[in-house]
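To keep things clear, I will list the structure first and then write my remarks on it.
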Amino acid sequence: MSHSTEDSGKHDNLEHKSTAELLASINEEDKTVPLAIEKALPQIEKITDKVISVLENGGRIFYLGAGTSGRLGVVDASELPPTYGVSHGLFIALIAGGDSAIRKAVEFAEDNPEGALPALAEHNISPADMVIGIAASGTTPYVAGALAWCRNHGIATGCVVCNTGSPVAAQSDFPVEVITGAEFVTGSTRMKAGTAQKLVLNMISTTAMIKTGHVKGNKMVDMQLTNAKLVKRGTRMIMEQTGITEEEARRLLLQFGSVRNAVENSKK
């Protein structure tokens, strides 16, 4: 397999560069990430269509990762309920070392190929569900081992990795390989590889939420009203869709709990 995420990059002697030079060089590298993703769009389309199919048939999506990759899965899964009003159990993120690893690295947790199995069992995973491994290197035993187990038990698998021909991709029915290459700081995959994974997860989950009915036009009609900013945003959405006053729109929003429900009840 290719280990381009571990290659030494073209920028060297970093400690001798000025702040401006460092920032410009990091930005130069970051610009390459969307272009790498563009090359993987056919793979991203396939995994996204499978995710949509799983959700439409009552299944759940599990994200699995270690370190930065695991944290990115946690971020994506945790943002979907408030943004789109879906249940907290629809997208489930598991990270090597457990929830404490979100803040503090757990040594060697990612090296156990059976490390995710107890958590998957706890969630009663079944062939109705899908598991997506997130691993910059594509070699993480925690991820590869879980995907292999899932495949053996008839559970659909996918991945988002940043090297070609990896063990994680080999265990994936729907692999996504975004080849981001050498990092600005050698091997620091929280940089370009992490950015690529974040963008791809955004693409998959946002498209899935749109296609399963949680967006109307370009508005988040099922978002949860978790702060004043979102109440104001929801009120504006209702005003735009119905033409009613701000006071009435706000009253309906707070009464019915979502833009969708408020708009439907404004017509009664």
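Chain identifiers are assigned as A, B, and so on, following the order in which chains appear in the structure tokens; residues are numbered from 1 within each chain, and ligands are numbered from 1 in order of appearance.
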Would you mind listing, for every residue of stretch 112-210 of chain A within 9 Å of stretch 7-30 of chain A, the two atoms forming the shortest contact and the distance between them in Å to one decimal, using only C-alpha atoms, sorted by chain and ascending residue number, as a Markdown table?
```
| residue | atom | partner | partner_atom | distance |
| --- | --- | --- | --- | --- |
| A:Gly181 | CA | A:Asp7 | CA | 7.4 |
| A:Ala182 | CA | A:Asp7 | CA | 5.0 |
| A:Glu183 | CA | A:Gly9 | CA | 5.9 |
| A:Phe184 | CA | A:Gly9 | CA | 5.9 |
| A:Val185 | CA | A:Gly9 | CA | 7.3 |
| A:Thr186 | CA | A:Ser8 | CA | 5.2 |
| A:Gly187 | CA | A:Asp7 | CA | 7.0 |
| A:Met191 | CA | A:Asp30 | CA | 8.1 |
| A:Lys192 | CA | A:Asp30 | CA | 6.0 |
| A:Thr195 | CA | A:Asp30 | CA | 8.1 |
```
*asked:* Using only C-alpha atoms, which protein or nucleic acid residues come within 6 Å of stretch 133-145 of chain A? Drop anything in the same chain fewer than 3 positions from it, and give the result as a PyMOL selection string.
replied: chain A and resi 63-65+69+110-115+148+159-163+166-168+193
*Å distance separating atom CA of A:Asp49 from atom CA of A:Ile210, one decimal place*: 11.9 Å
*Top pick for closest residue to A:Ala169, considering A:Ala109, A:Ile132, A:Ala228, A:Gly154 and counting only C-alpha atoms*: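 Checking each of A:Ala109, A:Ile132, A:Ala228, A:Gly154 against A:Ala169, counting only C-alpha atoms, the winner is A:Ile132.
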_Given only C-alpha atoms as the counted atoms, nearest of A:Pro81, A:Lys216, A:Gln171, A:Thr164 to A:Asn152_ = A:Gln171
*Counting only C-alpha atoms, figure out which residue out of A:Phe256, A:Ala262, A:Lys211, A:Arg60 gets nearest to A:Ser87.*
A:Arg60
*Check the smallest atom-to-atom distance from each of A:Val51, A:Val75, A:Val231, A:Ala119 to A:Leu199 using only C-alpha atoms, then report the winner.*
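Of all the options, A:Val75 lies closest to A:Leu199.
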*Determine which residues of stretch 1-89 of chain A DSSP labels as strand (DSSP E or B) from the backbone of this structure, then write them out as a PyMOL selection string.*
chain A and resi 61-65
Would you save the residues from that selection as a PDB file, in the first residue's frame, using C-alpha atoms?
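Final output, saved to result.pdb:
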```
ATOM      1  CA  ILE A  61     -24.668   4.639  10.801  1.00  0.00           C
ATOM      2  CA  PHE A  62     -21.655   3.901  13.011  1.00  0.00           C
ATOM      3  CA  TYR A  63     -18.422   5.886  12.723  1.00  0.00           C
ATOM      4  CA  LEU A  64     -15.246   4.195  13.997  1.00  0.00           C
ATOM      5  CA  GLY A  65     -11.871   5.847  14.448  1.00  0.00           C
TER       6      GLY A  65
END
```
*How many Å lie between atom CA of A:Val263 and atom CA of A:Arg233, rounded to one decimal?*
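For atom CA of A:Val263 relative to atom CA of A:Arg233, the distance reads 13.8 Å.
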*Do you know which residues are at most 10 Å from A:Gly59 counting only C-alpha atoms, after dropping those on the same chain fewer than 3 positions away, and could you put them as a PyMOL selection string?*
chain A and resi 51-56+62+90-91+125-130
Taking N, CA and C atoms for each residue, export the selection above as a PDB file, in the first residue's frame.
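Output below, filename out02.pdb:
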```pdb
ATOM      1  N   VAL A  51     -25.438   4.960   2.522  1.00  0.00           N
ATOM      2  CA  VAL A  51     -25.865   5.551   3.792  1.00  0.00           C
ATOM      3  C   VAL A  51     -27.343   5.941   3.727  1.00  0.00           C
ATOM      4  N   ILE A  52     -27.734   6.581   2.637  1.00  0.00           N
ATOM      5  CA  ILE A  52     -29.133   6.991   2.470  1.00  0.00           C
ATOM      6  C   ILE A  52     -30.050   5.773   2.491  1.00  0.00           C
ATOM      7  N   SER A  53     -29.658   4.721   1.782  1.00  0.00           N
ATOM      8  CA  SER A  53     -30.451   3.489   1.740  1.00  0.00           C
ATOM      9  C   SER A  53     -30.608   2.882   3.131  1.00  0.00           C
ATOM     10  N   VAL A  54     -29.519   2.840   3.895  1.00  0.00           N
ATOM     11  CA  VAL A  54     -29.560   2.292   5.256  1.00  0.00           C
ATOM     12  C   VAL A  54     -30.524   3.099   6.124  1.00  0.00           C
ATOM     13  N   LEU A  55     -30.426   4.426   6.042  1.00  0.00           N
ATOM     14  CA  LEU A  55     -31.301   5.281   6.849  1.00  0.00           C
ATOM     15  C   LEU A  55     -32.760   5.115   6.438  1.00  0.00           C
ATOM     16  N   GLU A  56     -33.010   5.049   5.150  1.00  0.00           N
ATOM     17  CA  GLU A  56     -34.392   4.915   4.669  1.00  0.00           C
ATOM     18  C   GLU A  56     -35.017   3.592   5.089  1.00  0.00           C
ATOM     19  N   PHE A  62     -22.689   3.876  11.979  1.00  0.00           N
ATOM     20  CA  PHE A  62     -21.655   3.901  13.011  1.00  0.00           C
ATOM     21  C   PHE A  62     -20.365   4.447  12.405  1.00  0.00           C
ATOM     22  N   LEU A  90     -29.115   7.813  15.711  1.00  0.00           N
ATOM     23  CA  LEU A  90     -29.106   7.542  14.267  1.00  0.00           C
ATOM     24  C   LEU A  90     -27.680   7.426  13.735  1.00  0.00           C
ATOM     25  N   PHE A  91     -26.823   8.346  14.134  1.00  0.00           N
ATOM     26  CA  PHE A  91     -25.391   8.295  13.813  1.00  0.00           C
ATOM     27  C   PHE A  91     -24.653   8.121  15.136  1.00  0.00           C
ATOM     28  N   ILE A 125     -25.623  -3.866  17.282  1.00  0.00           N
ATOM     29  CA  ILE A 125     -25.463  -3.664  15.843  1.00  0.00           C
ATOM     30  C   ILE A 125     -25.992  -4.876  15.086  1.00  0.00           C
ATOM     31  N   SER A 126     -26.567  -4.604  13.906  1.00  0.00           N
ATOM     32  CA  SER A 126     -27.174  -5.677  13.116  1.00  0.00           C
ATOM     33  C   SER A 126     -26.938  -5.423  11.633  1.00  0.00           C
ATOM     34  N   PRO A 127     -27.280  -6.382  10.762  1.00  0.00           N
ATOM     35  CA  PRO A 127     -27.123  -6.177   9.317  1.00  0.00           C
ATOM     36  C   PRO A 127     -27.969  -5.041   8.746  1.00  0.00           C
ATOM     37  N   ALA A 128     -28.874  -4.481   9.549  1.00  0.00           N
ATOM     38  CA  ALA A 128     -29.629  -3.313   9.094  1.00  0.00           C
ATOM     39  C   ALA A 128     -28.781  -2.049   9.140  1.00  0.00           C
ATOM     40  N   ASP A 129     -27.669  -2.106   9.882  1.00  0.00           N
ATOM     41  CA  ASP A 129     -26.829  -0.933  10.099  1.00  0.00           C
ATOM     42  C   ASP A 129     -25.647  -0.898   9.123  1.00  0.00           C
ATOM     43  N   MET A 130     -24.850   0.165   9.229  1.00  0.00           N
ATOM     44  CA  MET A 130     -23.634   0.305   8.417  1.00  0.00           C
ATOM     45  C   MET A 130     -22.534   0.892   9.290  1.00  0.00           C
TER      46      MET A 130
END
```
*Go through A:Gln255, A:Val178, A:Asn218, A:Ile47 and flag the residue nearest A:Pro34, using only C-alpha atoms for the distances.*
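Closest candidate: A:Val178.
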